[in-house]
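Data first, discussion second: the structure below is written as structure tokens.
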Amino acid sequence: MIKIQKKNFNLEEEIDKIKNKHSDIGAQTSFVGYVRDLNNNKDVKYLNLEVYEEMAFKELSKIENNALKKWSLIDTLIIHRYGKLNVNEKIVLVSCFSQHRKDSFNACEFIMDYLKKDAPFWKNEFYYKDDEWLENSK
Amino acid sequence: MIKIQKKNFNLEEEIDKIKNKHSDIGAQTSFVGYVRDLNNNKDVKYLNLEVYEEMAFKELSKIENNALKKWSLIDTLIIHRYGKLNVNEKIVLVSCFSQHRKDSFNACEFIMDYLKKDAPFWKNEFYYKDDEWLENSK
Amino acid sequence: MRIRYFAWIKDITNKDDDVIDINHPKTIQELKKYLENLYPDLRKHFLHDVLRFAVNQEYVSENLSLKPIDEIAIFPPVSGG
Amino acid sequence: MRIRYFAWIKDITNKDDDVIDINHPKTIQELKKYLENLYPDLRKHFLHDVLRFAVNQEYVSENLSLKPIDEIAIFPPVSGG
């Protein structure tokens, strides 16, 4: 499942909603990204996160499908926020559900790597004096 | 932080409690283990999870310290339950907090690997007709 | 043909998109020439090869032929996650 | 010296622990001999080398010398997580 939304989300609720559908899940690995207080050696005020929404759905679906082909997964969940995000707020959740733990670890890391590389989101980070558009490192 | 407890826990609350202490956290990877409905080709009724509590604290602290030495981590959280656990219930949470994602992924997988190998917990799995003491695969 | 701009590309174009009705570019190479004329500040970014192109919400190779119905997107390296 | 049993070891010993006040074993090897006498069903598991030993809540090598004050634990392979 892929969600692209402005609003915050609750980890317990989102993960539980998927877990409750499958009693054969034994393992769940998730990654959460947050807005940090300091970046490029400057105090961060907030992020403005822009998305190309139609393409983000397509790209994330491709990445999710590639993960499902590579590992034995029962379900996956990706939530990516956009809009104004303050320091300490959650930006993204990737959660992978499987019978055994290695599949969920590997798939979660794989999805995050490709999300960072290809999913069309852009962080415009605002400091106290100026702002900057970020680029993910390779 | 290490918690060994009978009662259930809420992912959002537990992870938030640690996250709120550090505004420099940019990444959090967590693993959750659940009781599966089927194991050894038998329907599972419930688990009885036994712990050698004093030793479990010591072992998990060692594993946590080894992870802190190997990767750049801001904080870690391990919660392991014991006692009677029904199908679908959470058994364990390992959560690693860092500035950048690779540290949190690597540390979380490392802690789970050693927890499974060395932490003194034993699962007694009850089926409809009999029961079995499990052993983690190598 | 609709051309959409994202992130700091919009600071150069001063708009979200352009629509080209006649004589639309047939390849990404032609599109770059077309946009350089409209927005000279884009030229150096094309030269540095830092921008990415998508056609109908998919990354494309440069030799794809473009159709009037296509939605093209031009954007800088992504930074989600 | 207190010897604690965990998981299915307790099905063999029928108790959680034993306390040895005099003539306690001085090494894990001696402890195994001692326990084989008390619980003959343990012998085959010692032979198969499947059990793990901890002294004062730490895994130990077999040639550690045991003291009267020590807490020893004997248990099967773990299965937490």
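The way I read the labels, and the way they are meant: chains A, B, ... in the order of the structure tokens, residue 1 as the first residue of every chain, and ligand 1 as the first ligand shown, with later ones counted on from there.
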
Quick one: residues within 6 Å of stretch 15-31 of chain B, only C-alpha atoms counted, chain neighbours fewer than 5 positions away excluded, as a PDB file with all heavy atoms, in the first residue's frame?
ATOM      1  N   GLN A  28       8.407  -7.834  10.937  1.00  0.00           N
ATOM      2  CA  GLN A  28       8.098  -6.550  10.319  1.00  0.00           C
ATOM      3  C   GLN A  28       9.285  -5.620  10.563  1.00  0.00           C
ATOM      4  O   GLN A  28       9.689  -5.407  11.700  1.00  0.00           O
ATOM      5  CB  GLN A  28       6.832  -5.973  10.951  1.00  0.00           C
ATOM      6  CG  GLN A  28       6.330  -4.704  10.292  1.00  0.00           C
ATOM      7  CD  GLN A  28       6.839  -3.449  10.989  1.00  0.00           C
ATOM      8  OE1 GLN A  28       7.249  -2.490  10.357  1.00  0.00           O
ATOM      9  NE2 GLN A  28       6.845  -3.473  12.309  1.00  0.00           N
ATOM     10  N   THR A  29       9.867  -5.110   9.477  1.00  0.00           N
ATOM     11  CA  THR A  29      10.932  -4.112   9.603  1.00  0.00           C
ATOM     12  C   THR A  29      10.416  -2.803   9.045  1.00  0.00           C
ATOM     13  O   THR A  29       9.780  -2.790   7.989  1.00  0.00           O
ATOM     14  CB  THR A  29      12.186  -4.540   8.816  1.00  0.00           C
ATOM     15  OG1 THR A  29      12.638  -5.790   9.320  1.00  0.00           O
ATOM     16  CG2 THR A  29      13.313  -3.508   8.980  1.00  0.00           C
ATOM     17  N   SER A  30      10.654  -1.724   9.781  1.00  0.00           N
ATOM     18  CA  SER A  30      10.214  -0.435   9.266  1.00  0.00           C
ATOM     19  C   SER A  30      11.292   0.614   9.433  1.00  0.00           C
ATOM     20  O   SER A  30      12.135   0.548  10.319  1.00  0.00           O
ATOM     21  CB  SER A  30       8.922   0.015   9.938  1.00  0.00           C
ATOM     22  OG  SER A  30       9.101   0.124  11.310  1.00  0.00           O
ATOM     23  N   PHE A  31      11.240   1.578   8.523  1.00  0.00           N
ATOM     24  CA  PHE A  31      12.136   2.723   8.577  1.00  0.00           C
ATOM     25  C   PHE A  31      11.286   3.974   8.692  1.00  0.00           C
ATOM     26  O   PHE A  31      10.270   4.104   8.018  1.00  0.00           O
ATOM     27  CB  PHE A  31      12.986   2.807   7.306  1.00  0.00           C
ATOM     28  CG  PHE A  31      13.844   4.033   7.280  1.00  0.00           C
ATOM     29  CD1 PHE A  31      15.081   4.040   7.905  1.00  0.00           C
ATOM     30  CD2 PHE A  31      13.399   5.209   6.677  1.00  0.00           C
ATOM     31  CE1 PHE A  31      15.865   5.186   7.915  1.00  0.00           C
ATOM     32  CE2 PHE A  31      14.188   6.355   6.686  1.00  0.00           C
ATOM     33  CZ  PHE A  31      15.422   6.347   7.310  1.00  0.00           C
ATOM     34  N   VAL A  32      11.711   4.894   9.558  1.00  0.00           N
ATOM     35  CA  VAL A  32      11.061   6.202   9.644  1.00  0.00           C
ATOM     36  C   VAL A  32      12.120   7.278   9.447  1.00  0.00           C
ATOM     37  O   VAL A  32      13.187   7.219  10.070  1.00  0.00           O
ATOM     38  CB  VAL A  32      10.365   6.405  11.007  1.00  0.00           C
ATOM     39  CG1 VAL A  32       9.710   7.792  11.073  1.00  0.00           C
ATOM     40  CG2 VAL A  32       9.324   5.330  11.253  1.00  0.00           C
ATOM     41  N   GLY A  33      11.861   8.225   8.576  1.00  0.00           N
ATOM     42  CA  GLY A  33      12.737   9.381   8.402  1.00  0.00           C
ATOM     43  C   GLY A  33      12.110  10.597   9.061  1.00  0.00           C
ATOM     44  O   GLY A  33      10.895  10.784   8.981  1.00  0.00           O
ATOM     45  N   TYR A  34      12.941  11.402   9.748  1.00  0.00           N
ATOM     46  CA  TYR A  34      12.458  12.594  10.463  1.00  0.00           C
ATOM     47  C   TYR A  34      13.166  13.847   9.947  1.00  0.00           C
ATOM     48  O   TYR A  34      14.289  13.768   9.436  1.00  0.00           O
ATOM     49  CB  TYR A  34      12.781  12.488  11.958  1.00  0.00           C
ATOM     50  CG  TYR A  34      12.177  11.320  12.680  1.00  0.00           C
ATOM     51  CD1 TYR A  34      12.875  10.118  12.812  1.00  0.00           C
ATOM     52  CD2 TYR A  34      10.923  11.414  13.274  1.00  0.00           C
ATOM     53  CE1 TYR A  34      12.340   9.046  13.499  1.00  0.00           C
ATOM     54  CE2 TYR A  34      10.382  10.338  13.970  1.00  0.00           C
ATOM     55  CZ  TYR A  34      11.093   9.159  14.081  1.00  0.00           C
ATOM     56  OH  TYR A  34      10.563   8.090  14.760  1.00  0.00           O
ATOM     57  N   ARG A  36      15.497  16.698  10.739  1.00  0.00           N
ATOM     58  CA  ARG A  36      16.518  16.965  11.753  1.00  0.00           C
ATOM     59  C   ARG A  36      16.656  18.460  12.040  1.00  0.00           C
ATOM     60  O   ARG A  36      16.332  19.280  11.190  1.00  0.00           O
ATOM     61  CB  ARG A  36      17.873  16.428  11.267  1.00  0.00           C
ATOM     62  CG  ARG A  36      17.913  14.925  11.226  1.00  0.00           C
ATOM     63  CD  ARG A  36      19.335  14.437  11.062  1.00  0.00           C
ATOM     64  NE  ARG A  36      19.840  14.710   9.733  1.00  0.00           N
ATOM     65  CZ  ARG A  36      21.100  15.028   9.464  1.00  0.00           C
ATOM     66  NH1 ARG A  36      21.978  15.143  10.447  1.00  0.00           N
ATOM     67  NH2 ARG A  36      21.491  15.230   8.224  1.00  0.00           N
ATOM     68  N   ASP A  37      17.172  18.776  13.231  1.00  0.00           N
ATOM     69  CA  ASP A  37      17.280  20.178  13.640  1.00  0.00           C
ATOM     70  C   ASP A  37      18.473  20.891  12.999  1.00  0.00           C
ATOM     71  O   ASP A  37      18.572  22.113  13.061  1.00  0.00           O
ATOM     72  CB  ASP A  37      17.369  20.294  15.163  1.00  0.00           C
ATOM     73  CG  ASP A  37      18.559  19.543  15.737  1.00  0.00           C
ATOM     74  OD1 ASP A  37      19.269  18.853  14.968  1.00  0.00           O
ATOM     75  OD2 ASP A  37      18.787  19.632  16.956  1.00  0.00           O
ATOM     76  N   ASN A  88      11.637  17.524  13.806  1.00  0.00           N
ATOM     77  CA  ASN A  88      11.131  16.389  14.599  1.00  0.00           C
ATOM     78  C   ASN A  88       9.948  15.656  13.956  1.00  0.00           C
ATOM     79  O   ASN A  88       9.576  14.572  14.417  1.00  0.00           O
ATOM     80  CB  ASN A  88      10.720  16.788  16.027  1.00  0.00           C
ATOM     81  CG  ASN A  88      11.919  17.175  16.865  1.00  0.00           C
ATOM     82  OD1 ASN A  88      12.953  16.520  16.800  1.00  0.00           O
ATOM     83  ND2 ASN A  88      11.788  18.237  17.645  1.00  0.00           N
TER      84      ASN A  88
ATOM     85  N   LEU B  93      10.572  -5.848  20.111  1.00  0.00           N
ATOM     86  CA  LEU B  93      10.847  -4.636  19.326  1.00  0.00           C
ATOM     87  C   LEU B  93      12.319  -4.287  19.489  1.00  0.00           C
ATOM     88  O   LEU B  93      12.830  -4.244  20.607  1.00  0.00           O
ATOM     89  CB  LEU B  93      10.012  -3.454  19.820  1.00  0.00           C
ATOM     90  CG  LEU B  93      10.429  -2.062  19.296  1.00  0.00           C
ATOM     91  CD1 LEU B  93      10.116  -1.907  17.812  1.00  0.00           C
ATOM     92  CD2 LEU B  93       9.734  -0.947  20.080  1.00  0.00           C
ATOM     93  N   VAL B  94      13.006  -4.073  18.364  1.00  0.00           N
ATOM     94  CA  VAL B  94      14.357  -3.507  18.392  1.00  0.00           C
ATOM     95  C   VAL B  94      14.313  -2.258  17.529  1.00  0.00           C
ATOM     96  O   VAL B  94      13.871  -2.311  16.379  1.00  0.00           O
ATOM     97  CB  VAL B  94      15.409  -4.486  17.841  1.00  0.00           C
ATOM     98  CG1 VAL B  94      16.749  -3.773  17.660  1.00  0.00           C
ATOM     99  CG2 VAL B  94      15.571  -5.666  18.773  1.00  0.00           C
ATOM    100  N   SER B  95      14.715  -1.125  18.090  1.00  0.00           N
ATOM    101  CA  SER B  95      14.623   0.139  17.372  1.00  0.00           C
ATOM    102  C   SER B  95      15.938   0.901  17.517  1.00  0.00           C
ATOM    103  O   SER B  95      16.455   1.043  18.621  1.00  0.00           O
ATOM    104  CB  SER B  95      13.446   0.930  17.960  1.00  0.00           C
ATOM    105  OG  SER B  95      13.362   2.180  17.348  1.00  0.00           O
ATOM    106  N   CYS B  96      16.498   1.347  16.387  1.00  0.00           N
ATOM    107  CA  CYS B  96      17.793   2.043  16.393  1.00  0.00           C
ATOM    108  C   CYS B  96      17.641   3.416  15.760  1.00  0.00           C
ATOM    109  O   CYS B  96      17.094   3.541  14.661  1.00  0.00           O
ATOM    110  CB  CYS B  96      18.829   1.232  15.622  1.00  0.00           C
ATOM    111  SG  CYS B  96      19.214  -0.304  16.460  1.00  0.00           S
ATOM    112  N   PHE B  97      18.158   4.418  16.460  1.00  0.00           N
ATOM    113  CA  PHE B  97      18.013   5.824  16.062  1.00  0.00           C
ATOM    114  C   PHE B  97      19.369   6.399  15.672  1.00  0.00           C
ATOM    115  O   PHE B  97      20.332   6.241  16.425  1.00  0.00           O
ATOM    116  CB  PHE B  97      17.456   6.651  17.224  1.00  0.00           C
ATOM    117  CG  PHE B  97      16.126   6.182  17.739  1.00  0.00           C
ATOM    118  CD1 PHE B  97      16.038   5.074  18.572  1.00  0.00           C
ATOM    119  CD2 PHE B  97      14.961   6.845  17.393  1.00  0.00           C
ATOM    120  CE1 PHE B  97      14.804   4.639  19.057  1.00  0.00           C
ATOM    121  CE2 PHE B  97      13.721   6.421  17.878  1.00  0.00           C
ATOM    122  CZ  PHE B  97      13.644   5.317  18.705  1.00  0.00           C
ATOM    123  N   SER B  98      19.431   7.080  14.524  1.00  0.00           N
ATOM    124  CA  SER B  98      20.705   7.634  14.069  1.00  0.00           C
ATOM    125  C   SER B  98      20.448   8.879  13.226  1.00  0.00           C
ATOM    126  O   SER B  98      19.295   9.232  12.961  1.00  0.00           O
ATOM    127  CB  SER B  98      21.460   6.592  13.252  1.00  0.00           C
ATOM    128  OG  SER B  98      20.677   6.191  12.154  1.00  0.00           O
ATOM    129  N   GLN B  99      21.536   9.550  12.828  1.00  0.00           N
ATOM    130  CA  GLN B  99      21.372  10.683  11.915  1.00  0.00           C
ATOM    131  C   GLN B  99      21.037  10.176  10.520  1.00  0.00           C
ATOM    132  O   GLN B  99      20.143  10.694   9.857  1.00  0.00           O
ATOM    133  CB  GLN B  99      22.668  11.505  11.873  1.00  0.00           C
ATOM    134  CG  GLN B  99      22.927  12.286  13.154  1.00  0.00           C
ATOM    135  CD  GLN B  99      23.913  13.410  12.948  1.00  0.00           C
ATOM    136  OE1 GLN B  99      24.628  13.453  11.947  1.00  0.00           O
ATOM    137  NE2 GLN B  99      23.979  14.329  13.884  1.00  0.00           N
ATOM    138  N   HIS B 100      21.773   9.149  10.072  1.00  0.00           N
ATOM    139  CA  HIS B 100      21.637   8.682   8.693  1.00  0.00           C
ATOM    140  C   HIS B 100      21.169   7.221   8.657  1.00  0.00           C
ATOM    141  O   HIS B 100      21.450   6.447   9.556  1.00  0.00           O
ATOM    142  CB  HIS B 100      22.960   8.859   7.956  1.00  0.00           C
ATOM    143  CG  HIS B 100      23.457  10.272   8.052  1.00  0.00           C
ATOM    144  ND1 HIS B 100      22.825  11.312   7.401  1.00  0.00           N
ATOM    145  CD2 HIS B 100      24.483  10.831   8.757  1.00  0.00           C
ATOM    146  CE1 HIS B 100      23.453  12.446   7.681  1.00  0.00           C
ATOM    147  NE2 HIS B 100      24.461  12.189   8.503  1.00  0.00           N
ATOM    148  N   ARG B 101      20.500   6.861   7.563  1.00  0.00           N
ATOM    149  CA  ARG B 101      19.749   5.611   7.583  1.00  0.00           C
ATOM    150  C   ARG B 101      20.587   4.342   7.650  1.00  0.00           C
ATOM    151  O   ARG B 101      20.160   3.361   8.254  1.00  0.00           O
ATOM    152  CB  ARG B 101      18.755   5.547   6.438  1.00  0.00           C
ATOM    153  CG  ARG B 101      19.309   5.215   5.062  1.00  0.00           C
ATOM    154  CD  ARG B 101      18.194   5.326   4.040  1.00  0.00           C
ATOM    155  NE  ARG B 101      18.590   4.862   2.728  1.00  0.00           N
ATOM    156  CZ  ARG B 101      19.404   5.532   1.903  1.00  0.00           C
ATOM    157  NH1 ARG B 101      19.935   6.661   2.288  1.00  0.00           N
ATOM    158  NH2 ARG B 101      19.687   5.037   0.713  1.00  0.00           N
ATOM    159  N   SER B 104      21.230   3.046  11.172  1.00  0.00           N
ATOM    160  CA  SER B 104      20.075   2.470  11.872  1.00  0.00           C
ATOM    161  C   SER B 104      19.707   1.102  11.298  1.00  0.00           C
ATOM    162  O   SER B 104      19.379   0.170  12.048  1.00  0.00           O
ATOM    163  CB  SER B 104      18.877   3.425  11.842  1.00  0.00           C
ATOM    164  OG  SER B 104      18.302   3.516  10.568  1.00  0.00           O
ATOM    165  N   PHE B 105      19.806   0.939   9.970  1.00  0.00           N
ATOM    166  CA  PHE B 105      19.527  -0.379   9.368  1.00  0.00           C
ATOM    167  C   PHE B 105      20.519  -1.437   9.853  1.00  0.00           C
ATOM    168  O   PHE B 105      20.137  -2.515  10.312  1.00  0.00           O
ATOM    169  CB  PHE B 105      19.608  -0.303   7.833  1.00  0.00           C
ATOM    170  CG  PHE B 105      18.309   0.041   7.168  1.00  0.00           C
ATOM    171  CD1 PHE B 105      18.156   1.234   6.480  1.00  0.00           C
ATOM    172  CD2 PHE B 105      17.235  -0.838   7.211  1.00  0.00           C
ATOM    173  CE1 PHE B 105      16.959   1.560   5.860  1.00  0.00           C
ATOM    174  CE2 PHE B 105      16.037  -0.528   6.596  1.00  0.00           C
ATOM    175  CZ  PHE B 105      15.899   0.677   5.917  1.00  0.00           C
TER     176      PHE B 105
END

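Residues in contact range of C:Tyr5, defined as at most 9 Å between only C-alpha atoms, with sequence neighbours fewer than 3 positions away removed, read C:Trp8, C:Ile9, C:Lys10, C:Thr13, C:Lys15, C:Asp16, C:Asp17, C:Asp18, C:Ile72, C:Ala73, C:Ile74, C:Phe75.
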
Take the residues that were just selected and, keeping N, CA and C atoms, output them as a PDB file, in the first residue's frame.
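This went into out-v3.pdb:
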ATOM      1  N   TRP C   8      13.431  23.729  -7.860  1.00  0.00           N
ATOM      2  CA  TRP C   8      13.988  25.043  -8.235  1.00  0.00           C
ATOM      3  C   TRP C   8      13.917  25.338  -9.732  1.00  0.00           C
ATOM      4  N   ILE C   9      13.507  24.380 -10.544  1.00  0.00           N
ATOM      5  CA  ILE C   9      13.272  24.681 -11.963  1.00  0.00           C
ATOM      6  C   ILE C   9      12.209  25.779 -12.077  1.00  0.00           C
ATOM      7  N   LYS C  10      11.244  25.729 -11.169  1.00  0.00           N
ATOM      8  CA  LYS C  10      10.172  26.741 -11.185  1.00  0.00           C
ATOM      9  C   LYS C  10      10.685  28.146 -10.877  1.00  0.00           C
ATOM     10  N   THR C  13      11.693  29.154 -14.409  1.00  0.00           N
ATOM     11  CA  THR C  13      10.584  29.308 -15.368  1.00  0.00           C
ATOM     12  C   THR C  13       9.518  30.281 -14.854  1.00  0.00           C
ATOM     13  N   LYS C  15       6.921  29.557 -13.504  1.00  0.00           N
ATOM     14  CA  LYS C  15       5.586  28.958 -13.630  1.00  0.00           C
ATOM     15  C   LYS C  15       5.690  27.446 -13.421  1.00  0.00           C
ATOM     16  N   ASP C  16       4.535  26.799 -13.222  1.00  0.00           N
ATOM     17  CA  ASP C  16       4.490  25.355 -12.966  1.00  0.00           C
ATOM     18  C   ASP C  16       4.595  24.534 -14.240  1.00  0.00           C
ATOM     19  N   ASP C  17       4.097  25.108 -15.355  1.00  0.00           N
ATOM     20  CA  ASP C  17       4.088  24.303 -16.573  1.00  0.00           C
ATOM     21  C   ASP C  17       3.954  25.183 -17.818  1.00  0.00           C
ATOM     22  N   ASP C  18       4.233  24.594 -18.943  1.00  0.00           N
ATOM     23  CA  ASP C  18       3.967  25.206 -20.245  1.00  0.00           C
ATOM     24  C   ASP C  18       3.184  24.198 -21.077  1.00  0.00           C
ATOM     25  N   ILE C  72       5.354  15.876 -20.141  1.00  0.00           N
ATOM     26  CA  ILE C  72       6.799  15.818 -19.884  1.00  0.00           C
ATOM     27  C   ILE C  72       7.055  16.496 -18.548  1.00  0.00           C
ATOM     28  N   ALA C  73       8.010  15.979 -17.760  1.00  0.00           N
ATOM     29  CA  ALA C  73       8.392  16.661 -16.520  1.00  0.00           C
ATOM     30  C   ALA C  73       9.891  16.854 -16.504  1.00  0.00           C
ATOM     31  N   ILE C  74      10.320  18.020 -16.005  1.00  0.00           N
ATOM     32  CA  ILE C  74      11.747  18.331 -15.882  1.00  0.00           C
ATOM     33  C   ILE C  74      12.012  18.676 -14.435  1.00  0.00           C
ATOM     34  N   PHE C  75      12.988  18.003 -13.852  1.00  0.00           N
ATOM     35  CA  PHE C  75      13.239  18.291 -12.427  1.00  0.00           C
ATOM     36  C   PHE C  75      14.681  18.005 -12.029  1.00  0.00           C
TER      37      PHE C  75
END

Could you pull out the alpha helix (DSSP H) residues of stretch 10-133 of chain A, going by DSSP on the backbone, and write them as a ChimeraX atom specification?
/A:11-19,53-70,101-118

Saved selection, atoms kept: C-alpha atoms, as a PDB file, in the first residue's frame:
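What follows is the written file again.pdb:
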ATOM      1  CA  LEU A  11       3.086   4.033  13.573  1.00  0.00           C
ATOM      2  CA  GLU A  12       1.110   1.640  15.778  1.00  0.00           C
ATOM      3  CA  GLU A  13      -2.143   2.235  13.880  1.00  0.00           C
ATOM      4  CA  GLU A  14      -0.650   2.073  10.383  1.00  0.00           C
ATOM      5  CA  ILE A  15       1.421  -1.044  11.054  1.00  0.00           C
ATOM      6  CA  ASP A  16      -1.394  -2.740  12.982  1.00  0.00           C
ATOM      7  CA  LYS A  17      -3.855  -2.159  10.138  1.00  0.00           C
ATOM      8  CA  ILE A  18      -1.670  -4.255   7.815  1.00  0.00           C
ATOM      9  CA  LYS A  19      -0.590  -6.792  10.457  1.00  0.00           C
ATOM     10  CA  GLU A  53       2.270  13.027  -7.022  1.00  0.00           C
ATOM     11  CA  GLU A  54       1.140  11.004 -10.067  1.00  0.00           C
ATOM     12  CA  MET A  55       4.724  10.000 -10.809  1.00  0.00           C
ATOM     13  CA  ALA A  56       5.520   9.277  -7.147  1.00  0.00           C
ATOM     14  CA  PHE A  57       2.709   6.694  -7.057  1.00  0.00           C
ATOM     15  CA  LYS A  58       4.011   5.047 -10.226  1.00  0.00           C
ATOM     16  CA  GLU A  59       7.658   5.030  -9.082  1.00  0.00           C
ATOM     17  CA  LEU A  60       6.875   3.748  -5.579  1.00  0.00           C
ATOM     18  CA  SER A  61       4.662   1.010  -7.059  1.00  0.00           C
ATOM     19  CA  LYS A  62       7.525  -0.107  -9.297  1.00  0.00           C
ATOM     20  CA  ILE A  63       9.940  -0.169  -6.363  1.00  0.00           C
ATOM     21  CA  GLU A  64       7.408  -2.074  -4.237  1.00  0.00           C
ATOM     22  CA  ASN A  65       6.863  -4.610  -7.047  1.00  0.00           C
ATOM     23  CA  ASN A  66      10.601  -5.092  -7.479  1.00  0.00           C
ATOM     24  CA  ALA A  67      10.903  -5.779  -3.728  1.00  0.00           C
ATOM     25  CA  LEU A  68       8.020  -8.281  -3.912  1.00  0.00           C
ATOM     26  CA  LYS A  69       9.829 -10.095  -6.742  1.00  0.00           C
ATOM     27  CA  LYS A  70      13.173 -10.196  -4.940  1.00  0.00           C
ATOM     28  CA  ARG A 101      13.177 -11.464   9.442  1.00  0.00           C
ATOM     29  CA  LYS A 102      15.816 -11.384   6.697  1.00  0.00           C
ATOM     30  CA  ASP A 103      13.216 -10.775   3.980  1.00  0.00           C
ATOM     31  CA  SER A 104      11.717  -7.829   5.860  1.00  0.00           C
ATOM     32  CA  PHE A 105      15.146  -6.277   6.585  1.00  0.00           C
ATOM     33  CA  ASN A 106      16.432  -6.620   3.041  1.00  0.00           C
ATOM     34  CA  ALA A 107      13.228  -5.424   1.401  1.00  0.00           C
ATOM     35  CA  CYS A 108      12.901  -2.393   3.687  1.00  0.00           C
ATOM     36  CA  GLU A 109      16.460  -1.256   2.983  1.00  0.00           C
ATOM     37  CA  PHE A 110      16.006  -1.880  -0.769  1.00  0.00           C
ATOM     38  CA  ILE A 111      12.808   0.175  -0.917  1.00  0.00           C
ATOM     39  CA  MET A 112      14.420   3.053   1.019  1.00  0.00           C
ATOM     40  CA  ASP A 113      17.480   3.034  -1.279  1.00  0.00           C
ATOM     41  CA  TYR A 114      15.364   3.279  -4.432  1.00  0.00           C
ATOM     42  CA  LEU A 115      12.898   5.711  -2.898  1.00  0.00           C
ATOM     43  CA  LYS A 116      15.832   8.056  -2.134  1.00  0.00           C
ATOM     44  CA  LYS A 117      17.239   7.561  -5.618  1.00  0.00           C
ATOM     45  CA  ASP A 118      14.160   7.735  -7.843  1.00  0.00           C
TER      46      ASP A 118
END

Counting only C-alpha atoms, which residues from chain C have an atom at most 12 Å from any atom of chain A, and could you show them as an mmCIF file with C-alpha atoms, in the first residue's frame?
data_model
loop_
_atom_site.group_PDB
_atom_site.id
_atom_site.type_symbol
_atom_site.label_atom_id
_atom_site.label_comp_id
_atom_site.auth_asym_id
_atom_site.auth_seq_id
_atom_site.Cartn_x
_atom_site.Cartn_y
_atom_site.Cartn_z
ATOM 1 C CA ARG C 4 5.773 20.435 -15.969
ATOM 2 C CA TYR C 5 8.482 22.002 -13.776
ATOM 3 C CA PHE C 6 9.415 21.001 -10.223
ATOM 4 C CA ALA C 7 11.512 22.269 -7.307
ATOM 5 C CA TRP C 8 13.988 25.043 -8.235
ATOM 6 C CA ILE C 9 13.272 24.681 -11.963
ATOM 7 C CA LYS C 10 10.172 26.741 -11.185
ATOM 8 C CA ASP C 11 12.415 29.560 -9.894
ATOM 9 C CA ASP C 16 4.490 25.355 -12.966
ATOM 10 C CA VAL C 50 22.017 17.330 -13.706
ATOM 11 C CA LEU C 51 18.332 17.460 -14.619
ATOM 12 C CA ARG C 52 16.034 14.472 -15.031
ATOM 13 C CA PHE C 53 13.222 14.022 -17.517
ATOM 14 C CA ALA C 54 10.049 11.976 -17.258
ATOM 15 C CA VAL C 55 7.493 11.304 -19.978
ATOM 16 C CA ASN C 56 4.039 10.341 -18.764
ATOM 17 C CA GLN C 57 5.405 9.903 -15.224
ATOM 18 C CA GLU C 58 8.218 7.548 -16.228
ATOM 19 C CA TYR C 59 11.942 8.166 -16.495
ATOM 20 C CA GLU C 71 3.104 14.990 -20.221
ATOM 21 C CA ILE C 72 6.799 15.818 -19.884
ATOM 22 C CA ALA C 73 8.392 16.661 -16.520
ATOM 23 C CA ILE C 74 11.747 18.331 -15.882
ATOM 24 C CA PHE C 75 13.239 18.291 -12.427
ATOM 25 C CA PRO C 76 16.482 18.370 -10.398
ATOM 26 C CA PRO C 77 17.848 15.343 -8.506
ATOM 27 C CA VAL C 78 15.275 14.060 -6.007
ATOM 28 C CA SER C 79 15.637 14.274 -2.223
ATOM 29 C CA GLY C 80 12.738 12.369 -0.660
ATOM 30 C CA GLY C 81 12.854 9.946 2.245
#

List the neighbours of D:Leu38 out to 12 Å using only C-alpha atoms; skip same-chain residues closer than 6 positions along the sequence, and give me the result as number ranges by chain.
D: 12-14, 18, 20, 31-32

Produce a file of the selected residues containing N, CA and C atoms, as a CSV table (one decimal), in the first residue's frame.
chain,number,residue,atom,x,y,z
D,12,ILE,N,13.4,-32.3,33.0
D,12,ILE,CA,14.3,-33.4,33.4
D,12,ILE,C,14.6,-33.3,34.9
D,13,THR,N,14.8,-32.1,35.4
D,13,THR,CA,15.2,-32.0,36.8
D,13,THR,C,13.9,-31.9,37.7
D,14,ASN,N,12.8,-31.6,37.1
D,14,ASN,CA,11.6,-31.4,37.9
D,14,ASN,C,11.7,-30.3,38.9
D,18,ASP,N,19.0,-26.1,42.0
D,18,ASP,CA,19.6,-26.9,43.1
D,18,ASP,C,20.6,-26.0,43.7
D,20,ILE,N,24.0,-26.3,46.1
D,20,ILE,CA,25.0,-27.2,46.6
D,20,ILE,C,25.9,-26.5,47.6
D,31,LEU,N,30.9,-30.3,37.1
D,31,LEU,CA,29.5,-30.0,37.3
D,31,LEU,C,28.7,-30.9,36.4
D,32,LYS,N,29.1,-31.2,35.2
D,32,LYS,CA,28.4,-32.1,34.3
D,32,LYS,C,28.3,-33.5,35.0

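The coordinates place atom CA of B:Asn40 at 18.5 Å from atom CA of A:Ile74.
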
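Each of B:Asp131, B:Asn86, B:Leu73, B:Lys3 was compared to chain A using only C-alpha atoms, and B:Asn86 turns out to be the nearest.
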
Tell me, in Å to one decimal, how far atom CA of A:Met1 is from atom CA of A:Ile78.
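We find that atom CA of A:Met1 and atom CA of A:Ile78 lie 6.3 Å from each other.
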
Exercise: B:Lys45 partners within 7 Å, only C-alpha atoms, chain neighbours under 5 positions left out, as a PyMOL selection string
chain B and resi 86-87+126-128

Please provide as a list in words all residues within 10 Å of C:Leu64, with the sequence filter that same-chain residues fewer than 5 positions apart are discarded (counting only C-alpha atoms).
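Using only C-alpha atoms, the neighbours found are Lys26, Thr27, Ile28, Gln29 and Val55 of chain C.
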
Which of chain D fall in strand (DSSP E or B), as number ranges by chain
D: 2-5, 17-19, 52-55, 58-59, 71-75
